[in-house]
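Colleague: Contents of query.txt (compact mmCIF, C-alpha atoms and all ligand atoms):
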```txt
# COMPACT_ATOMS: atom_id res chain seq x y z
CA MET A 424 -13.07 -5.67 10.18
CA TYR A 425 -9.89 -5.59 12.29
CA LEU A 426 -6.84 -3.43 11.57
CA TYR A 427 -3.23 -4.20 12.50
CA GLY A 428 -1.36 -0.96 13.19
CA ALA A 429 -2.79 2.12 14.92
CA SER A 430 -1.03 4.71 12.77
CA GLY A 431 -1.96 7.65 10.56
CA HIS A 432 -2.40 5.15 7.72
CA ALA A 433 -4.95 3.32 9.92
CA LYS A 434 -6.89 6.59 10.35
CA VAL A 435 -7.37 6.83 6.58
CA ILE A 436 -8.48 3.20 6.35
CA ILE A 437 -10.94 3.82 9.21
CA ASP A 438 -12.44 6.68 7.17
CA ILE A 439 -12.88 4.34 4.21
CA LEU A 440 -14.52 1.61 6.29
CA ARG A 441 -16.82 4.13 7.99
CA ALA A 442 -17.85 5.57 4.61
CA ASN A 443 -18.66 2.03 3.49
CA HIS A 444 -20.67 1.41 6.71
CA GLU A 445 -18.39 -1.49 7.50
CA PRO A 446 -18.11 -2.17 11.25
CA ILE A 447 -14.63 -1.92 12.80
CA GLU A 448 -14.24 -4.30 15.75
CA ALA A 449 -10.78 -3.32 17.01
CA LEU A 450 -7.20 -2.55 16.07
CA PHE A 451 -4.02 -4.39 17.08
CA ASP A 452 -0.73 -2.68 17.87
CA ASP A 453 2.25 -3.79 19.94
CA ASN A 454 2.78 -0.28 21.34
CA GLU A 455 1.56 -0.74 24.92
CA LYS A 456 0.91 2.99 25.29
CA ILE A 457 -1.87 2.99 22.69
CA HIS A 458 -5.28 1.87 23.97
CA HIS A 459 -7.66 3.67 21.60
CA LEU A 460 -7.68 5.13 18.11
CA PHE A 461 -10.69 7.39 17.65
CA ASP A 462 -13.50 5.34 19.25
CA TYR A 463 -11.94 1.95 18.64
CA PRO A 464 -10.06 -0.25 21.13
CA VAL A 465 -6.42 -0.99 20.38
CA LEU A 466 -5.47 -4.49 21.56
CA ARG A 467 -2.09 -6.21 21.89
CA PRO A 468 -1.51 -8.61 18.98
CA SER A 469 -1.24 -11.83 21.01
CA LYS A 470 -4.36 -13.31 19.39
CA VAL A 471 -5.09 -11.61 16.08
CA CYS A 472 -8.38 -12.25 14.31
CA GLY A 473 -9.78 -11.41 10.92
CA PRO A 474 -10.97 -10.24 8.57
CA LEU A 475 -7.88 -8.07 8.90
CA ILE A 476 -6.15 -5.26 7.04
CA ILE A 477 -2.53 -4.56 7.97
CA SER A 478 -2.73 -0.77 8.35
CA ILE A 479 1.01 -0.05 8.36
CA GLY A 480 2.59 2.05 5.61
CA ASN A 481 6.01 0.35 5.67
CA ASN A 482 6.01 -2.32 2.96
CA GLY A 483 8.58 -4.57 4.66
CA ILE A 484 6.68 -4.56 7.96
CA ARG A 485 3.39 -5.36 6.19
CA ARG A 486 5.12 -8.32 4.55
CA LYS A 487 6.64 -9.55 7.83
CA ILE A 488 3.26 -9.45 9.60
CA ALA A 489 1.41 -11.08 6.71
CA LYS A 490 3.94 -13.93 6.62
CA GLU A 491 3.52 -14.53 10.38
CA LEU A 492 -0.28 -14.49 10.60
CA LYS A 493 -2.75 -17.09 9.44
CA VAL A 494 -5.96 -15.05 9.28
CA GLU A 495 -8.53 -14.03 6.71
CA TYR A 496 -7.71 -10.66 5.11
CA GLY A 497 -10.12 -7.94 4.07
CA LYS A 498 -9.88 -5.07 1.58
CA ALA A 499 -10.89 -1.41 1.74
CA PHE A 500 -11.85 0.60 -1.35
CA HIS A 501 -13.16 4.15 -0.90
CA SER A 502 -16.40 4.81 -2.76
CA SER A 503 -14.76 7.78 -4.53
CA ALA A 504 -12.14 5.48 -6.06
CA ILE A 505 -12.86 4.34 -9.61
CA ILE A 506 -12.01 0.69 -10.09
CA SER A 507 -12.60 -1.05 -13.41
CA GLU A 508 -14.75 -4.16 -13.35
CA GLU A 509 -11.91 -5.77 -15.26
CA ALA A 510 -9.29 -4.94 -12.61
CA GLU A 511 -8.19 -7.47 -10.00
CA ILE A 512 -7.22 -6.40 -6.49
CA ARG A 513 -6.05 -9.08 -4.07
CA GLU A 514 -6.51 -9.60 -0.31
CA GLY A 515 -5.38 -7.04 2.22
CA SER A 516 -5.06 -4.21 -0.30
CA VAL A 517 -6.50 -0.72 0.09
CA VAL A 518 -7.53 1.88 -2.49
CA MET A 519 -7.79 5.38 -1.07
CA GLN A 520 -9.97 8.37 -1.87
CA GLY A 521 -10.01 9.43 -5.52
CA ALA A 522 -7.64 6.74 -6.80
CA ILE A 523 -8.25 5.11 -10.18
CA VAL A 524 -7.48 1.52 -11.14
CA GLN A 525 -8.07 0.97 -14.84
CA SER A 526 -9.10 -2.02 -16.91
CA ASP A 527 -7.11 -5.23 -16.66
CA ALA A 528 -4.79 -3.83 -14.01
CA CYS A 529 -3.77 -6.40 -11.40
CA ILE A 530 -2.92 -5.29 -7.87
CA GLY A 531 -1.34 -7.88 -5.58
CA SER A 532 -1.93 -8.58 -1.89
CA HIS A 533 -1.37 -6.02 0.91
CA CYS A 534 -0.83 -3.12 -1.51
CA ILE A 535 -1.63 0.55 -0.94
CA ILE A 536 -3.03 2.59 -3.83
CA ASN A 537 -2.97 5.92 -2.06
CA THR A 538 -5.03 9.10 -2.38
CA GLY A 539 -5.61 10.21 -5.97
CA ALA A 540 -3.13 7.76 -7.50
CA SER A 541 -3.82 6.43 -10.97
CA VAL A 542 -2.91 2.90 -12.04
CA ASP A 543 -3.71 2.54 -15.71
CA HIS A 544 -4.70 -0.32 -17.98
CA GLU A 545 -2.83 -3.62 -17.72
CA CYS A 546 -0.46 -2.50 -14.96
CA LEU A 547 0.91 -5.39 -12.90
CA ILE A 548 1.52 -4.43 -9.28
CA ALA A 549 3.06 -7.17 -7.12
CA ASP A 550 2.41 -7.79 -3.39
CA TYR A 551 3.29 -5.23 -0.66
CA VAL A 552 3.68 -2.31 -3.10
CA HIS A 553 2.81 1.25 -2.06
CA ILE A 554 1.77 3.67 -4.81
CA SER A 555 1.86 7.01 -2.94
CA PRO A 556 -0.62 9.88 -3.32
CA HIS A 557 -1.10 11.32 -6.81
CA CYS A 558 1.26 9.00 -8.64
CA THR A 559 0.48 8.31 -12.30
CA LEU A 560 1.30 4.84 -13.56
CA CYS A 561 0.61 4.82 -17.30
CA GLY A 562 -0.52 1.68 -19.12
CA ASN A 563 1.37 -1.62 -18.90
CA VAL A 564 3.68 -0.55 -16.09
CA GLN A 565 5.05 -3.35 -13.87
CA VAL A 566 6.06 -2.83 -10.25
CA GLY A 567 7.84 -5.60 -8.34
CA GLU A 568 7.15 -6.84 -4.81
CA GLY A 569 7.57 -4.37 -1.96
CA THR A 570 8.49 -1.35 -4.06
CA TRP A 571 7.48 2.12 -2.86
CA ILE A 572 6.70 4.78 -5.47
CA GLY A 573 6.93 8.25 -3.87
CA ALA A 574 4.18 10.83 -4.05
CA GLY A 575 3.44 12.49 -7.38
CA SER A 576 5.73 10.29 -9.45
CA VAL A 577 4.98 9.53 -13.08
CA VAL A 578 5.87 6.21 -14.67
CA ILE A 579 5.62 6.16 -18.45
CA PRO A 580 3.94 3.30 -20.36
CA GLY A 581 5.52 -0.12 -20.28
CA VAL A 582 8.26 0.65 -17.75
CA LYS A 583 9.25 -2.18 -15.37
CA ILE A 584 10.32 -1.34 -11.83
CA GLY A 585 11.96 -4.12 -9.82
CA LYS A 586 11.37 -5.52 -6.30
CA TRP A 587 11.97 -3.66 -3.02
CA SER A 588 13.07 -0.45 -4.71
CA ILE A 589 12.14 3.12 -3.76
CA ILE A 590 11.28 5.84 -6.26
CA GLY A 591 11.63 9.31 -4.69
CA ALA A 592 8.68 11.68 -4.61
CA GLY A 593 8.09 13.63 -7.83
CA SER A 594 10.18 11.35 -10.02
CA VAL A 595 9.60 10.74 -13.72
CA VAL A 596 10.47 7.14 -14.51
CA ALA A 597 11.11 6.72 -18.22
CA LYS A 598 13.38 3.65 -18.13
CA ASP A 599 13.29 0.33 -16.31
CA ILE A 600 14.55 0.34 -12.70
CA PRO A 601 16.16 -2.81 -11.21
CA ASP A 602 15.53 -4.52 -7.85
CA GLY A 603 16.71 -3.00 -4.58
CA VAL A 604 17.66 0.56 -5.53
CA LEU A 605 16.71 4.08 -4.51
CA ALA A 606 16.11 6.16 -7.63
CA VAL A 607 15.00 9.80 -7.77
CA GLY A 608 14.34 12.69 -10.09
CA ASN A 609 13.25 13.67 -13.55
CA ARG A 610 14.97 11.79 -15.27
CA CYS A 611 14.86 9.15 -12.59
CA LYS A 612 18.40 8.01 -11.71
CA ILE A 613 19.67 5.39 -9.25
CA ILE A 614 21.43 7.08 -6.33
CA LYS A 615 22.04 4.07 -4.10
CA ASN A 616 21.46 0.39 -3.54
CA ILE A 617 19.12 -0.78 -0.80
CA VAL A 618 20.26 -3.72 1.31
CA LEU A 619 17.47 -6.29 0.89
C1 LIG A 701 -0.19 9.73 2.75
C2 LIG A 701 1.33 9.69 2.76
O1 LIG A 701 2.00 10.50 3.31
S1 LIG A 701 2.08 8.41 1.90
C3 LIG A 701 3.83 8.72 1.96
C4 LIG A 701 4.34 9.40 0.72
N1 LIG A 701 5.72 9.74 0.95
C5 LIG A 701 6.57 10.02 -0.05
O2 LIG A 701 6.21 10.00 -1.20
C6 LIG A 701 7.98 10.30 0.35
C7 LIG A 701 9.00 9.68 -0.62
N2 LIG A 701 10.30 9.87 -0.08
C8 LIG A 701 11.31 10.56 -0.70
O3 LIG A 701 11.17 11.05 -1.82
C9 LIG A 701 12.58 10.65 0.10
O4 LIG A 701 13.22 11.89 -0.20
C10 LIG A 701 13.54 9.49 -0.14
C11 LIG A 701 12.92 8.16 0.29
C12 LIG A 701 13.89 9.37 -1.62
C13 LIG A 701 14.75 9.82 0.73
O5 LIG A 701 15.65 8.77 0.79
P1 LIG A 701 16.98 8.91 1.67
O6 LIG A 701 17.71 7.63 1.56
O7 LIG A 701 16.64 9.40 3.05
O8 LIG A 701 17.78 10.00 0.85
P2 LIG A 701 18.31 11.42 1.31
O9 LIG A 701 17.22 12.25 1.91
O10 LIG A 701 19.57 11.20 2.09
O11 LIG A 701 18.66 12.08 -0.09
C14 LIG A 701 19.74 11.62 -0.89
C15 LIG A 701 19.87 12.61 -2.05
O12 LIG A 701 18.71 12.48 -2.90
C16 LIG A 701 18.03 13.72 -2.99
N3 LIG A 701 16.60 13.43 -2.99
C17 LIG A 701 15.89 12.83 -2.00
N4 LIG A 701 14.62 12.68 -2.38
C18 LIG A 701 14.52 13.18 -3.62
C19 LIG A 701 13.44 13.30 -4.54
N5 LIG A 701 12.24 12.87 -4.23
N6 LIG A 701 13.70 13.86 -5.75
C20 LIG A 701 14.95 14.31 -6.08
N7 LIG A 701 16.02 14.22 -5.24
C21 LIG A 701 15.79 13.67 -4.03
C22 LIG A 701 18.46 14.52 -1.76
O13 LIG A 701 18.34 15.90 -1.97
C23 LIG A 701 19.89 14.07 -1.63
O14 LIG A 701 20.67 14.76 -2.57
P3 LIG A 701 22.21 15.18 -2.24
O15 LIG A 701 22.92 13.89 -1.97
O16 LIG A 701 22.63 15.87 -3.49
O17 LIG A 701 22.10 16.05 -1.04
```
For the structure just supplied, provide its representation as structure tokens.
Modeller:
Amino acid sequence: MYLYGASGHAKVIIDILRANHEPIEALFDDNEKIHHLFDYPVLRPSKVCGPLIISIGNNGIRRKIAKELKVEYGKAFHSSAIISEEAEIREGSVVMQGAIVQSDACIGSHCIINTGASVDHECLIADYVHISPHCTLCGNVQVGEGTWIGAGSVVIPGVKIGKWSIIGAGSVVAKDIPDGVLAVGNRCKIIKNIVL
């Protein structure tokens, strides 16, 4: 496996791949000062190969890189994650330690289901979404492309959250949230628009 992005997020993905005994060939990063991450070489991304995971936490940057590259993508699921046989998780996505993906949930491409997050039955998570550590998405929740749900947030059953929005850490989302907004709190309220 190759990783694109030699960040803290990459360190966690490295742990997952090591635990799964999956060889890591190298990482790519355009920061010329970085030559190694742990024991692995960090190469400049002039000729990127796969299978690849884009190991960058920023959803917009993951999307930009994925749109530019024509490579095979891998996935990384930690063995402590519980993933239903009836769940679907698409290319480039990662599921961190202790996360749960329940039956009939569908996770798009290049998503992050972070440490201890729970994505319950029939949730629909679009591409480039980040579900931060210890979020709880109840059943039938929908999250649009590129949205970031902050750590420890709770989304009640059936709520729809739009594209490229941000939900602040610790929020309780009880009503639908539109595209392109920052919303925070319990009860989760929109505090500003995000320029898409
Ligand atoms: C493994 C990992 O680490 S994965 C990464 C996980 N990271 C996270 O979950 C972090 C999520 N980020 C947040 O919650 C941030 O606070 C953000 C994104 C909402 C901040 O957005 P910004 O645009 O910088 O907002 P800013 O900090 O200016 O705050 C605006 C207002 O919202 C409030 N606010 C910010 N975040 C929150 C929050 N989570 N809950 C409630 N209120 C909040 C601020 O206090 C401020 O209020 P004020 O105007 O009355 O002073």
Colleague: Pick out the residues sitting within 9 Å of Lys493 (chain A), and hand them over as a PyMOL selection string; count all atoms listed in the file, and ignore anything fewer than 2 positions along from it in its own chain.
Modeller: chain A and resi 471-472+489-491+495
Colleague: For ligand LIG 701 (chain A), which of A:Asn563, A:Asn454, A:Asn481, A:Ser555 is the closest residue, counting only C-alpha atoms and all ligand atoms?
Modeller: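 Checking each of A:Asn563, A:Asn454, A:Asn481, A:Ser555 against ligand LIG 701 (chain A), counting only C-alpha atoms and all ligand atoms, the winner is A:Ser555.
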Colleague: To check your reading of the model: which residues sit at most 7 Å from ligand LIG 701 (chain A) when counting only C-alpha atoms and all ligand atoms? Write the answer as a VMD selection string.
Modeller: chain A and resid 537 555 to 556 572 to 574 589 to 594 605 607 to 608 614
Colleague: Output as a tab-separated table one row per residue of region 456-476 of chain A within 12 Å of region 500-524 of chain A: the closest atom pair and its distance in Å to one decimal place, counting all atoms listed in the file, sorted by chain and residue number ascending.
Modeller:
```
residue	atom	partner	partner_atom	distance
A:Gly473	CA	A:Gly515	CA	10.7
A:Pro474	CA	A:Gly515	CA	9.0
A:Leu475	CA	A:Gly515	CA	7.2
A:Ile476	CA	A:Gly515	CA	5.2
```
Colleague: Taking only C-alpha atoms into account, which of A:Asp453, A:Asp602, A:Asp462, A:Asp438 comes nearest Ser588 (chain A)?
Modeller: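 Nearest to Ser588 (chain A): A:Asp602.
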Colleague: So, counting all atoms listed in the file, which residue among A:Gly569, A:Gly575, A:Gly497, A:Gly480 is closest to Glu445 (chain A)?
Modeller: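 Selected residue with least distance to Glu445 (chain A): A:Gly497.
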